[in-house]
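Undergrad: Here it is: the structure, laid out below.
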Amino acid sequence: MAEKEHFEFQKEVKRLEYTKQYMDEILEASQRDLKAVQDKIKESMANLEYIDSSDSYINILTNSRFFELALNQKESLEAVKKKPYFARIHFQRTGEAEELLYIGKTSLFHNETFEPIIVDWRSPVANVYYDGRLGEITYPVRDEVYSGHLYSKRQYKIENGNLLSFQDVDLTTNDELLQDALSGKADVRLTEIVATIQKEQNEIIRAHLRQPILVQGAAGSGKTTIALHRISYFLYTMGEHFNPEQLMILAPNKLFIEYIGDVLPELGVEHICQTTYEEYVQHATGIKLKLQNPNEQLEAIVEDGLDTLPSFNIPQIKGTLFYREILERYLTIHEQHLASLFDEDVAIEKYKIIRGSHLKKLFLIAFSYMPIEKRLERIKKIIQAEVKRKSKSVIDTLNKRYEDMIGKALSGLRDPDKRREMVTKFIDERDERLPKIKAEAKSTASTYMRRFEKIKIKPFYRKFLTDRTILSEIAPEWSIDEQEKFLKYHKKEQWAVEDLAALYFLHAKIKGIPDQWKMRVVFIDEVQDYSLFQLAALKAGLETDMFTMVGDLAQGIHSYRSITEWDSVLDLFPRANYFTLQKSYRTTIEIMEVANKILSKMDEDLPLVEPVVRHGNIPTFVQSEEFNNEVIQEIYEKLLQSGHQSIALICKTSKEATQYSKQLNAFGIEATVLKEDSVLGKTQLLIVPSYLAKGLEFDAVIIVAFETPYFDTPIDRKLLYVGLTRAMHDLYLVGPNKETFLLGK
């Protein structure tokens, strides 16, 4: 090492030691603060036992808040202590002094000097590191734009609190930190991405937070990590005005949730809802369903061929906006029926309280923005208020009338017997009638509203699916034959994922989504596997368009019932910003060349993926007429010897996965079939059905195809493309010939 480099290295070592030492001081102080606050809480709790004092409650609440803050700082510092920062910028804001700012996963300021010891990667000035070339630059802070000069950007390799190396970079330099991350292992890469965010990824992460975004991202372009970092950036920027529990990640399956489980806490993101679309709908509606496994449906199509799907494809129809229109017509019939029940006026005895025609207008027009049953609840409250107000007037009027009648009887009748008889009659009538009116007034609203029965959504939807009269009225566009096919399809009660959008939509329009499940911001991964109606139903039910949607049409393996182009999604979200990511950071150039051959055969006409400059072994084709344990063992051992830890054997169907797992385990190779609720293993060979591989990545992949080769059909091309793009470093194809993998001459 040259003398100058050695001197710089020693300076950086000292800076790292200073940072760690100050973190230790803060951690010790936090520990003392935590102890002190705990003692104060205990003292306040003890006081509550014998002093009924609001001061004690206030002390508990205040100290609990301090405790939470101290604990959060302690936990965030402990999380980054082994790697306090990953980069530094030498920067001068216009009109201010030069600064060396060290960028990490959290922020840390000196308590006395307020010197920034670590700057959070999400802060506006850190954007200079991700986005700025050296020289004169500008960067936004809220609604203002600041300018300055960026002298240098430096990256650090720090492990277990020790500085291994550093490198000065600009946009023209090969990013060593990125190369190190890409050459690393799949099980640690996801948690280290914050240090290697690239310019085009950074733009998406920091894109306007009050507008929806849609990202078409190639396999390995970092779609998932961008979405996760955008969540972190969102909470960092908007956290003061936003409850994290109102933010939701919709994941493709439980396996994916487990996969990202370590990332969000590292990014300082906790308490957000992580679920699947299927689970969310059932929670939000309270409707419990036994759903057909969508992967079984996919496998049946894969085995039988896409051309076996009927032209009147009901799963696909249920995902269209036309299906939403049919359901809206069905809702209108229900709404008109309810409106007709307002033909009667609200009255107490013969006294009119509110005209039914007025209530009808409220229901159909004034309150039309509300769910149907919420409208009825509001109308009931209006009736109650009017009855309360007017019943007093009715009683006062009747009281006066009886007083007049009694007065007339007393003064107008000379016969004392008749006079006594009439006065007694009027008093008895009054004393009997007025309490009845008071009692009737108490129940008038409930009695009137009893005609509006609450409906159950599942039977309501089921009636639509099976009633010939209703269907012919609301779906006249379908021929008699198509209507019959629709009715026959639903004769047996079975529920599929494509029914969830309809159930959720109907629930939102009739009952409304409960506040607990009314998320304000939604992040959707693998959005290409959603139908347009699924997205439209979510948007309507949540009453927000704040969606971050990431996906890849080339991986749309459920395209027989989901989105096949983005224009219709952008029409549904007119405020959305649209981004494309064509660079792949996952796979080597050699692997991507093979995957691009399959991509070029697809109907979607997507541009080829640009692999980041990283070379590796050329994918190996191994000829084998049938599944051979010895062949797999030889490849597997070779991959293990190369240092690979996560290795997947990808086959086309789950039936094959089960079969191959039994064979390999009997042969002595520990192999586990990956299922949706699996916990990802680190050492054993994972056998993955092709449809479950999406969203995952592995150090090395072996793709096998024997009994069910990949045919040149839309779904098979996508399943194969998904498999090919899972491998970071090494790829093997094992089958009777290359044509099995659509790679013939």
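Within each chain, counting starts at residue 1; across the structure tokens, chains are named A, B, ... in the order shown, with ligands numbered 1 upward in that order.
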Any idea what's packed within 8 Å of Tyr585 of chain A, counting only C-alpha atoms, ignoring anything in its chain fewer than 3 positions away? Could you give it as a PyMOL selection string?
TA: chain A and resi 182+220-222+611-612
Undergrad: Excluding segment 555-567 of chain A and its own-chain neighbours fewer than 2 positions away, which residues fall within 7 Å of it when counting only C-alpha atoms? Please give them as a list in words.
TA: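 Result of the neighbour search: Leu298, Pro315, Gln316, Gly319, Gln528, Asp529, Tyr530, Ser531, Leu532, Asp552, Leu553, Val569, Leu570, Asp571, Ile715, Lys718, Leu719 and Val722 of chain A.
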Undergrad: Segment 686-730 of chain A: which residues are alpha helix (DSSP H) by DSSP, as a list in words?
TA: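 Alpha helix (DSSP H) members of segment 686-730 of chain A, listed: Pro714, Ile715, Asp716, Arg717, Lys718, Leu719, Leu720, Tyr721, Val722, Gly723 and Leu724 of chain A.
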Undergrad: Create the file for the chosen residues now, containing C-alpha atoms and written as a PDB file, in the first residue's frame.
TA:
```pdb
ATOM      1  CA  PRO A 714     -47.282 -18.364 -23.535  1.00  0.00           C
ATOM      2  CA  ILE A 715     -47.443 -19.914 -20.054  1.00  0.00           C
ATOM      3  CA  ASP A 716     -44.594 -22.407 -20.592  1.00  0.00           C
ATOM      4  CA  ARG A 717     -42.328 -19.665 -21.933  1.00  0.00           C
ATOM      5  CA  LYS A 718     -42.989 -17.598 -18.819  1.00  0.00           C
ATOM      6  CA  LEU A 719     -42.502 -20.510 -16.424  1.00  0.00           C
ATOM      7  CA  LEU A 720     -39.183 -21.335 -18.085  1.00  0.00           C
ATOM      8  CA  TYR A 721     -38.090 -17.676 -18.059  1.00  0.00           C
ATOM      9  CA  VAL A 722     -38.876 -17.474 -14.334  1.00  0.00           C
ATOM     10  CA  GLY A 723     -36.743 -20.565 -13.661  1.00  0.00           C
ATOM     11  CA  LEU A 724     -33.799 -19.333 -15.739  1.00  0.00           C
TER      12      LEU A 724
END
```
Undergrad: Find the spatial neighbours of Glu477 of chain A, counting only C-alpha atoms, within a cut-off of 12 Å - ignore same-chain residues fewer than 5 positions away - and output them as a list in words.
TA: Phe322, Tyr323, Glu325, Ile326, Leu471, Ser472, Glu482 and Gln483 of chain A
Undergrad: Let me see the file: selected residues, all heavy atoms, as a short mmCIF file (atom, residue, chain, number, x, y, z; two decimals), in the first residue's frame.
TA:
```cif
data_model
loop_
_atom_site.label_atom_id
_atom_site.label_comp_id
_atom_site.auth_asym_id
_atom_site.auth_seq_id
_atom_site.Cartn_x
_atom_site.Cartn_y
_atom_site.Cartn_z
N PHE A 322 -65.59 -5.25 -17.06
CA PHE A 322 -66.97 -5.54 -17.49
C PHE A 322 -67.69 -6.34 -16.40
O PHE A 322 -68.88 -6.13 -16.14
CB PHE A 322 -66.98 -6.32 -18.81
CG PHE A 322 -68.36 -6.75 -19.23
CD1 PHE A 322 -69.33 -5.80 -19.57
CD2 PHE A 322 -68.72 -8.09 -19.25
CE1 PHE A 322 -70.61 -6.19 -19.93
CE2 PHE A 322 -70.01 -8.48 -19.62
CZ PHE A 322 -70.95 -7.53 -19.96
N TYR A 323 -66.95 -7.25 -15.73
CA TYR A 323 -67.55 -8.02 -14.63
C TYR A 323 -67.94 -7.07 -13.49
O TYR A 323 -68.99 -7.24 -12.86
CB TYR A 323 -66.56 -9.08 -14.15
CG TYR A 323 -67.18 -10.17 -13.29
CD1 TYR A 323 -68.13 -11.03 -13.80
CD2 TYR A 323 -66.78 -10.33 -11.96
CE1 TYR A 323 -68.69 -12.03 -13.02
CE2 TYR A 323 -67.33 -11.34 -11.17
CZ TYR A 323 -68.29 -12.18 -11.71
OH TYR A 323 -68.84 -13.17 -10.94
N GLU A 325 -68.88 -4.03 -13.96
CA GLU A 325 -70.08 -3.34 -14.46
C GLU A 325 -71.33 -4.18 -14.22
O GLU A 325 -72.38 -3.67 -13.82
CB GLU A 325 -69.91 -3.05 -15.96
CG GLU A 325 -70.96 -2.13 -16.52
CD GLU A 325 -70.76 -1.86 -18.01
OE1 GLU A 325 -69.60 -1.79 -18.45
OE2 GLU A 325 -71.77 -1.76 -18.71
N ILE A 326 -71.22 -5.50 -14.46
CA ILE A 326 -72.36 -6.40 -14.24
C ILE A 326 -72.75 -6.37 -12.75
O ILE A 326 -73.93 -6.30 -12.41
CB ILE A 326 -72.00 -7.84 -14.67
CG1 ILE A 326 -71.84 -7.92 -16.19
CG2 ILE A 326 -73.07 -8.82 -14.21
CD1 ILE A 326 -71.32 -9.26 -16.67
N LEU A 471 -79.40 -13.06 -13.96
CA LEU A 471 -78.30 -13.03 -14.93
C LEU A 471 -78.77 -12.50 -16.28
O LEU A 471 -78.07 -11.68 -16.91
CB LEU A 471 -77.70 -14.43 -15.08
CG LEU A 471 -76.33 -14.49 -15.75
CD1 LEU A 471 -75.27 -13.77 -14.92
CD2 LEU A 471 -75.91 -15.94 -15.98
N SER A 472 -79.93 -12.92 -16.73
CA SER A 472 -80.42 -12.46 -18.04
C SER A 472 -80.73 -10.97 -18.02
O SER A 472 -80.60 -10.28 -19.03
CB SER A 472 -81.67 -13.25 -18.45
OG SER A 472 -82.70 -13.04 -17.52
N GLU A 482 -73.91 -18.54 -23.43
CA GLU A 482 -72.88 -18.09 -22.48
C GLU A 482 -73.45 -17.99 -21.07
O GLU A 482 -72.79 -18.36 -20.09
CB GLU A 482 -72.30 -16.75 -22.94
CG GLU A 482 -71.36 -16.89 -24.14
CD GLU A 482 -70.95 -15.55 -24.73
OE1 GLU A 482 -71.70 -14.56 -24.56
OE2 GLU A 482 -69.89 -15.51 -25.38
N GLN A 483 -74.69 -17.52 -20.98
CA GLN A 483 -75.34 -17.44 -19.66
C GLN A 483 -75.50 -18.84 -19.06
O GLN A 483 -75.27 -19.05 -17.86
CB GLN A 483 -76.70 -16.75 -19.78
CG GLN A 483 -76.61 -15.26 -20.06
CD GLN A 483 -77.96 -14.60 -20.20
OE1 GLN A 483 -78.96 -15.10 -19.68
NE2 GLN A 483 -78.02 -13.48 -20.92
#
```
Undergrad: Just the number, please: distance in Å from atom CA of Ile103 of chain A to atom CA of Gly217 of chain A, one decimal.
TA: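 That distance, rounded to one decimal, is 27.0 Å.
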Undergrad: Using backbone DSSP assignments, extract all strand (DSSP E) residues from segment 428-584 of chain A; output them as a list in words.
TA: Val521, Val522, Phe523, Ile524, Asp525, Phe547, Thr548, Met549, Val550, Gly551, Asn577, Tyr578, Phe579, Thr580, Leu581, Lys583 and Ser584 of chain A
Undergrad: What's the 10 Å shell around Thr237 of chain A, counting only C-alpha atoms, without same-chain residues fewer than 5 positions away, as an MDAnalysis selection string?
TA: chainID A and resid 122:124 142 206 209 231:232 242
Undergrad: Mind checking which residues fall within 10 Å of Lys352 of chain A, counting only C-alpha atoms, ignoring those fewer than 5 positions away in the same chain, and posting them as a list of chain:residue names?
TA: A:Asp345, A:Val346, A:Ala347, A:Val387, A:Lys390, A:Val394
